[in-house]
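Listing of query-v6.txt; format and content: compact mmCIF, C-alpha atoms.
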```
# COMPACT_ATOMS: atom_id res chain seq x y z
CA MET A 1 63.52 127.37 59.32
CA LYS A 2 64.69 130.04 56.88
CA ARG A 3 62.01 132.60 56.35
CA ASP A 4 61.66 134.64 53.18
CA TYR A 5 61.39 137.94 55.00
CA PHE A 6 64.77 137.49 56.71
CA ILE A 7 66.42 136.04 53.62
CA ALA A 8 65.47 139.28 51.85
CA LEU A 9 67.25 141.28 54.56
CA GLU A 10 70.54 139.45 54.17
CA HIS A 11 71.93 141.69 51.47
CA LEU A 12 71.01 145.00 53.04
CA GLY A 13 74.04 147.18 53.67
CA ASN A 14 75.15 148.34 57.08
CA ASN A 15 72.96 151.03 58.61
CA SER A 16 69.91 150.15 56.53
CA SER A 17 66.81 150.76 58.59
CA LEU A 18 63.53 148.87 58.96
CA ALA A 19 60.32 149.62 60.83
CA LEU A 20 60.45 147.89 64.21
CA ASN A 21 56.81 146.81 64.17
CA GLU A 22 57.24 145.25 60.75
CA VAL A 23 60.21 143.16 61.90
CA ILE A 24 58.45 142.08 65.11
CA GLU A 25 55.50 140.82 63.04
CA GLN A 26 57.92 138.57 61.13
CA LEU A 27 59.75 137.08 64.12
CA ALA A 28 59.49 133.31 64.43
CA PHE A 29 57.32 132.98 67.50
CA ASN A 30 56.83 129.25 67.99
CA GLU A 31 53.60 127.25 68.19
CA HIS A 32 53.17 128.52 71.76
CA GLY A 33 53.66 132.14 70.66
CA LEU A 34 57.13 132.26 72.23
CA ILE A 35 60.62 133.20 71.06
CA PRO A 36 63.95 132.38 72.80
CA VAL A 37 65.75 135.22 74.58
CA ILE A 38 69.43 135.26 75.50
CA THR A 39 70.38 137.75 78.19
CA GLN A 40 73.96 138.96 78.46
CA ASP A 41 75.57 141.42 80.85
CA ALA A 42 76.18 144.59 78.82
CA GLU A 43 79.50 145.31 80.50
CA THR A 44 81.14 142.00 81.30
CA LYS A 45 79.50 140.12 78.37
CA THR A 46 78.76 137.26 80.78
CA MET A 47 75.84 135.11 79.64
CA LEU A 48 73.34 135.57 82.42
CA MET A 49 70.28 133.50 81.52
CA PHE A 50 68.06 132.03 78.85
CA ALA A 51 64.29 132.56 78.80
CA TRP A 52 61.31 133.16 76.52
CA MET A 53 59.13 136.10 75.48
CA ASN A 54 55.76 136.29 73.85
CA LYS A 55 54.90 139.34 71.78
CA GLU A 56 53.40 141.14 74.78
CA ALA A 57 56.54 140.57 76.87
CA LEU A 58 58.64 141.87 73.99
CA GLN A 59 56.53 145.01 73.59
CA LYS A 60 56.55 145.59 77.34
CA THR A 61 60.34 145.19 77.51
CA LEU A 62 60.75 147.70 74.68
CA ALA A 63 58.36 150.17 76.29
CA THR A 64 59.72 149.96 79.84
CA LYS A 65 63.36 148.89 79.28
CA SER A 66 62.75 146.51 82.16
CA MET A 67 63.32 142.92 81.01
CA THR A 68 59.98 141.12 80.90
CA TYR A 69 59.73 137.45 79.99
CA TRP A 70 56.97 134.87 79.68
CA SER A 71 57.07 132.40 82.53
CA ARG A 72 56.26 129.00 81.08
CA SER A 73 55.87 127.46 84.55
CA ARG A 74 53.48 130.17 85.78
CA GLN A 75 51.97 130.92 82.36
CA GLN A 76 52.12 134.65 82.90
CA LEU A 77 54.22 137.71 82.18
CA TRP A 78 57.30 137.84 84.39
CA VAL A 79 58.94 141.18 85.05
CA LYS A 80 62.42 140.06 86.04
CA GLY A 81 63.22 141.18 89.58
CA GLU A 82 59.68 142.31 90.39
CA THR A 83 59.71 140.32 93.63
CA SER A 84 63.48 139.80 94.17
CA GLY A 85 64.59 143.31 93.24
CA HIS A 86 67.07 141.74 90.84
CA VAL A 87 65.89 143.77 87.89
CA GLN A 88 67.51 143.86 84.47
CA ARG A 89 67.57 147.15 82.62
CA MET A 90 67.69 146.62 78.88
CA ILE A 91 70.65 148.34 77.23
CA SER A 92 70.34 146.84 73.76
CA MET A 93 68.25 144.31 71.85
CA SER A 94 69.08 142.47 68.64
CA PHE A 95 67.38 139.87 66.46
CA ASP A 96 69.33 137.16 64.67
CA CYS A 97 69.67 136.52 60.95
CA ASP A 98 66.64 134.26 60.68
CA GLY A 99 64.48 136.04 63.23
CA ASP A 100 64.18 133.14 65.62
CA ALA A 101 66.10 134.44 68.63
CA ILE A 102 66.55 137.67 70.57
CA LEU A 103 69.74 138.85 72.27
CA CYS A 104 69.43 141.41 75.04
CA GLN A 105 72.29 143.14 76.76
CA VAL A 106 71.34 144.38 80.22
CA ASN A 107 72.49 146.05 83.39
CA GLN A 108 71.82 143.44 86.06
CA GLN A 109 70.94 144.42 89.63
CA GLY A 110 71.81 141.63 92.08
CA ALA A 111 71.87 138.04 90.87
CA PRO A 112 70.32 136.96 87.57
CA CYS A 113 69.84 133.38 88.75
CA HIS A 114 67.13 132.38 91.23
CA THR A 115 69.82 130.40 93.09
CA GLY A 116 71.68 133.63 93.83
CA ARG A 117 74.48 132.84 91.40
CA GLU A 118 75.92 135.34 88.94
CA SER A 119 74.93 133.28 85.93
CA CYS A 120 72.34 130.56 85.39
CA PHE A 121 74.97 128.60 83.45
CA TYR A 122 76.79 127.14 86.43
CA LEU A 123 76.69 123.43 85.54
CA ASN A 124 79.97 123.00 83.69
CA VAL A 125 80.75 120.02 81.53
CA GLU A 126 84.17 118.41 81.79
CA ALA A 127 83.87 116.24 78.73
CA ASP A 128 87.21 114.49 79.15
CA TYR A 129 86.23 113.33 82.63
CA GLN A 130 82.57 112.60 81.80
CA GLN A 131 81.41 114.82 84.61
CA VAL A 132 79.60 118.05 85.38
CA ILE A 133 81.07 120.45 87.95
CA VAL A 134 78.98 122.96 89.89
CA ASN A 135 80.77 126.29 89.56
CA GLU A 136 79.68 129.74 88.50
CA ASP A 137 83.16 131.16 88.07
CA HIS A 138 83.93 129.87 84.65
CA VAL A 139 81.38 131.76 82.51
CA MET B 1 59.32 124.35 83.75
CA LYS B 2 61.22 123.68 86.96
CA ARG B 3 62.34 120.09 87.10
CA ASP B 4 62.88 118.19 90.32
CA TYR B 5 66.29 116.92 89.29
CA PHE B 6 67.67 120.42 88.78
CA ILE B 7 65.94 121.82 91.86
CA ALA B 8 67.81 119.17 93.86
CA LEU B 9 71.13 120.44 92.44
CA GLU B 10 70.56 124.03 93.53
CA HIS B 11 72.08 123.65 96.94
CA LEU B 12 75.18 121.75 95.91
CA GLY B 13 78.36 123.57 96.85
CA ASN B 14 80.94 124.77 94.38
CA ASN B 15 83.03 122.01 92.83
CA SER B 16 80.48 119.29 93.50
CA SER B 17 80.61 116.78 90.68
CA LEU B 18 77.92 114.82 88.83
CA ALA B 19 78.07 112.12 86.18
CA LEU B 20 77.76 113.73 82.74
CA ASN B 21 75.51 111.03 81.30
CA GLU B 22 73.14 111.33 84.24
CA VAL B 23 72.77 115.09 83.74
CA ILE B 24 72.30 114.74 79.97
CA GLU B 25 69.46 112.28 80.58
CA GLN B 26 67.71 114.94 82.67
CA LEU B 27 68.07 117.86 80.23
CA ALA B 28 64.80 119.36 79.03
CA PHE B 29 64.79 118.29 75.41
CA ASN B 30 61.53 119.61 73.97
CA GLU B 31 58.70 117.71 72.24
CA HIS B 32 60.87 117.57 69.11
CA GLY B 33 63.83 116.17 71.07
CA LEU B 34 65.70 119.48 70.85
CA ILE B 35 67.36 121.85 73.32
CA PRO B 36 68.42 125.48 72.68
CA VAL B 37 72.14 126.19 72.30
CA ILE B 38 73.78 129.59 72.70
CA THR B 39 77.20 129.91 71.12
CA GLN B 40 79.62 132.54 72.37
CA ASP B 41 83.15 133.39 71.28
CA ALA B 42 85.42 132.09 74.03
CA GLU B 43 87.80 135.02 73.78
CA THR B 44 85.77 138.08 72.89
CA LYS B 45 82.56 136.85 74.60
CA THR B 46 80.63 137.99 71.51
CA MET B 47 77.33 136.15 71.09
CA LEU B 48 77.80 134.37 67.79
CA MET B 49 74.60 132.42 67.11
CA PHE B 50 71.62 130.54 68.49
CA ALA B 51 70.73 127.02 67.36
CA TRP B 52 69.42 123.65 68.56
CA MET B 53 70.86 120.25 69.41
CA ASN B 54 69.28 116.86 69.78
CA LYS B 55 70.92 114.32 72.06
CA GLU B 56 72.98 112.88 69.20
CA ALA B 57 74.31 116.32 68.23
CA LEU B 58 75.20 116.96 71.87
CA GLN B 59 77.06 113.66 72.21
CA LYS B 60 78.84 114.23 68.90
CA THR B 61 79.90 117.74 69.95
CA LEU B 62 81.27 116.38 73.24
CA ALA B 63 83.12 113.56 71.50
CA THR B 64 84.63 115.61 68.65
CA LYS B 65 84.80 119.14 70.18
CA SER B 66 83.48 120.28 66.81
CA MET B 67 80.17 122.10 67.27
CA THR B 68 77.38 119.96 65.86
CA TYR B 69 73.78 121.15 65.80
CA TRP B 70 70.46 119.81 64.57
CA SER B 71 69.31 121.62 61.45
CA ARG B 72 65.56 122.09 61.75
CA SER B 73 65.28 123.17 58.10
CA ARG B 74 67.22 120.19 56.77
CA GLN B 75 66.16 117.79 59.54
CA GLN B 76 69.65 116.40 59.91
CA LEU B 77 72.82 116.74 61.97
CA TRP B 78 74.76 119.82 61.02
CA VAL B 79 78.49 119.93 61.70
CA LYS B 80 79.08 123.67 61.74
CA GLY B 81 81.56 124.65 59.02
CA GLU B 82 81.56 121.27 57.33
CA THR B 83 80.95 122.87 53.95
CA SER B 84 82.00 126.49 54.61
CA GLY B 85 85.14 125.72 56.61
CA HIS B 86 83.82 128.05 59.31
CA VAL B 87 84.16 125.46 62.05
CA GLN B 88 83.65 126.10 65.74
CA ARG B 89 85.92 124.29 68.17
CA MET B 90 84.22 123.81 71.53
CA ILE B 91 86.21 125.27 74.40
CA SER B 92 83.60 124.90 77.16
CA MET B 93 80.01 123.77 77.63
CA SER B 94 77.60 124.61 80.46
CA PHE B 95 73.99 123.79 81.30
CA ASP B 96 71.71 126.29 82.99
CA CYS B 97 70.00 126.04 86.37
CA ASP B 98 66.87 124.34 85.10
CA GLY B 99 68.53 122.24 82.42
CA ASP B 100 66.71 123.78 79.50
CA ALA B 101 69.54 125.55 77.68
CA ILE B 102 73.18 124.93 76.77
CA LEU B 103 75.91 127.56 76.56
CA CYS B 104 78.99 126.77 74.49
CA GLN B 105 82.10 128.88 74.26
CA VAL B 106 84.02 128.27 71.05
CA ASN B 107 86.96 129.23 68.91
CA GLN B 108 85.36 130.38 65.66
CA GLN B 109 87.11 129.97 62.32
CA GLY B 110 85.83 132.48 59.77
CA ALA B 111 82.31 133.86 60.09
CA PRO B 112 79.70 132.24 62.35
CA CYS B 113 76.81 133.67 60.33
CA HIS B 114 75.83 132.29 56.92
CA THR B 115 75.68 135.91 55.70
CA GLY B 116 79.41 136.27 56.37
CA ARG B 117 78.86 138.53 59.36
CA GLU B 118 80.73 138.14 62.64
CA SER B 119 77.56 137.54 64.61
CA CYS B 120 74.09 136.35 63.64
CA PHE B 121 72.65 139.08 65.89
CA TYR B 122 73.04 141.95 63.45
CA LEU B 123 69.47 143.31 63.42
CA ASN B 124 69.63 145.94 66.14
CA VAL B 125 66.57 147.46 67.72
CA GLU B 126 66.47 151.19 68.29
CA ALA B 127 63.43 151.23 70.51
CA ASP B 128 63.22 155.00 70.88
CA TYR B 129 63.05 155.42 67.11
CA GLN B 130 60.85 152.38 66.46
CA GLN B 131 63.33 151.01 64.00
CA VAL B 132 65.76 148.17 63.39
CA ILE B 133 69.23 148.95 62.06
CA VAL B 134 71.36 146.45 60.12
CA ASN B 135 74.78 146.47 61.75
CA GLU B 136 77.03 143.77 63.10
CA ASP B 137 79.37 146.07 64.97
CA HIS B 138 77.36 146.58 68.11
CA VAL B 139 77.36 143.07 69.62
```
Taking this structure as input, can you express it in the form of structure tokens?
Amino acid sequence: MKRDYFIALEHLGNNSSLALNEVIEQLAFNEHGLIPVITQDAETKTMLMFAWMNKEALQKTLATKSMTYWSRSRQQLWVKGETSGHVQRMISMSFDCDGDAILCQVNQQGAPCHTGRESCFYLNVEADYQQVIVNEDHV
Amino acid sequence: MKRDYFIALEHLGNNSSLALNEVIEQLAFNEHGLIPVITQDAETKTMLMFAWMNKEALQKTLATKSMTYWSRSRQQLWVKGETSGHVQRMISMSFDCDGDAILCQVNQQGAPCHTGRESCFYLNVEADYQQVIVNEDHV
């Protein structure tokens, strides 16, 4: 999935700058118009959740600094915390080397997970015992 | 994309245990048989990269503790670092609340990114200036 545009960026030196709109146009939105988003706590670096954005959600997140995803189950924009109050304020956003994923660091109000847990990644594999343990404390 | 199996897990108490193979069978592999994987440095908590696994890559990673992805560009299993030496030893693996993403914490040898950088997420958005800055030092 290497894309020429991003290959051409690989040899740019540190602090080179690009127009944001140009880069967004080159991101690898999938056949449903979506791109994966990884959301990390800006302070603790805990991985909070994984979700998707379409271009509109991305633009809205950038404009409002309030994390806005695309809900695949509801097929609509989803301003995180709009009903629960558990909003995520965007602190930083980065794209990866081949433009097919977005990392956002956020300040999280309340719980990121709809189950009330502090991370969505609470199903922990214990490979040696062939089991999965429910526990949010490991992340 | 809520799935009944994972909804039923939501109210399990901490330290409940499930059979690993059962959970893997319920993961939300997409129409291409793939599931997103987020790879984080186990010590520094830096987000290293984003990639995909099919079920075989997942089983191989669990069996060998050597991070193994599915390369969408090459359409084959991809043992990270097999040619570069930049291997990733799996320290922990977790599934998220709706079983559609995997988080792995790893010990990284050398650089995770094929560009030699310490994170693939080196294209940093400066929303207020409508630009993207090349810099790996922020993550």
For segment 104-123 of chain B, take all atoms listed in the file, fit an axis-aligned box around them, add 6 Å to each of the six sides, then output centre and edge lengths in Å rounded to one decimal, as lines of an AutoDock Vina configuration file.
```
center_x = 78.3
center_y = 135.0
center_z = 65.1
size_x = 29.6
size_y = 28.5
size_z = 30.8
```
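Considering only C-alpha atoms, the residue among A:Ile7, A:Ala57, A:Val37, A:Leu62 positioned nearest to chain B is A:Leu62.
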For Gly99 of chain B, the nearest of the candidates A:Glu22, A:Leu123, A:Ser73, A:Leu9, counting only C-alpha atoms: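 Result for the nearest residue to Gly99 of chain B: A:Leu123.
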Interatomic distance (Å, one decimal) between atom CA of Cys104 of chain B and atom CA of Phe6 of chain A: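 Computing it gives 25.2 Å between the two atoms.
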Surrounding residues of Gln59 of chain B excluding itself and chain neighbours under 5 positions, 10 Å, all atoms listed in the file, as a VMD selection string: (chain A and resid 127) or (chain B and resid 21 24 53 to 54 64 to 65 68)
Non-local contacts of Leu58 of chain B (12 Å; all atoms listed in the file; under 2 positions in same chain excluded) as a PyMOL selection string: (chain A and resi 125+127) or (chain B and resi 20-21+24-25+27+29+33-37+51-56+60-70+77-79+90+93-95+101-104)
Within 6 Å of chain A: residues of chain B, using all atoms listed in the file, as an MDAnalysis selection string: chainID B and resid 1 14:20 45 73 93:97 120:121 123:125 130:135
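For the pair atom CA of Ser84 of chain B and atom CA of Glu118 of chain B, the interatomic distance is 14.2 Å.
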Point-to-point distance from atom CA of Tyr5 of chain A to atom CA of Glu31 of chain A, Å rounded to tenths: 18.7 Å
Residue contacts of Asn107 of chain A (7 Å, only C-alpha atoms) excluding same-chain residues fewer than 2 positions away, as a VMD selection string: chain A and resid 41 to 42 88 to 91 109
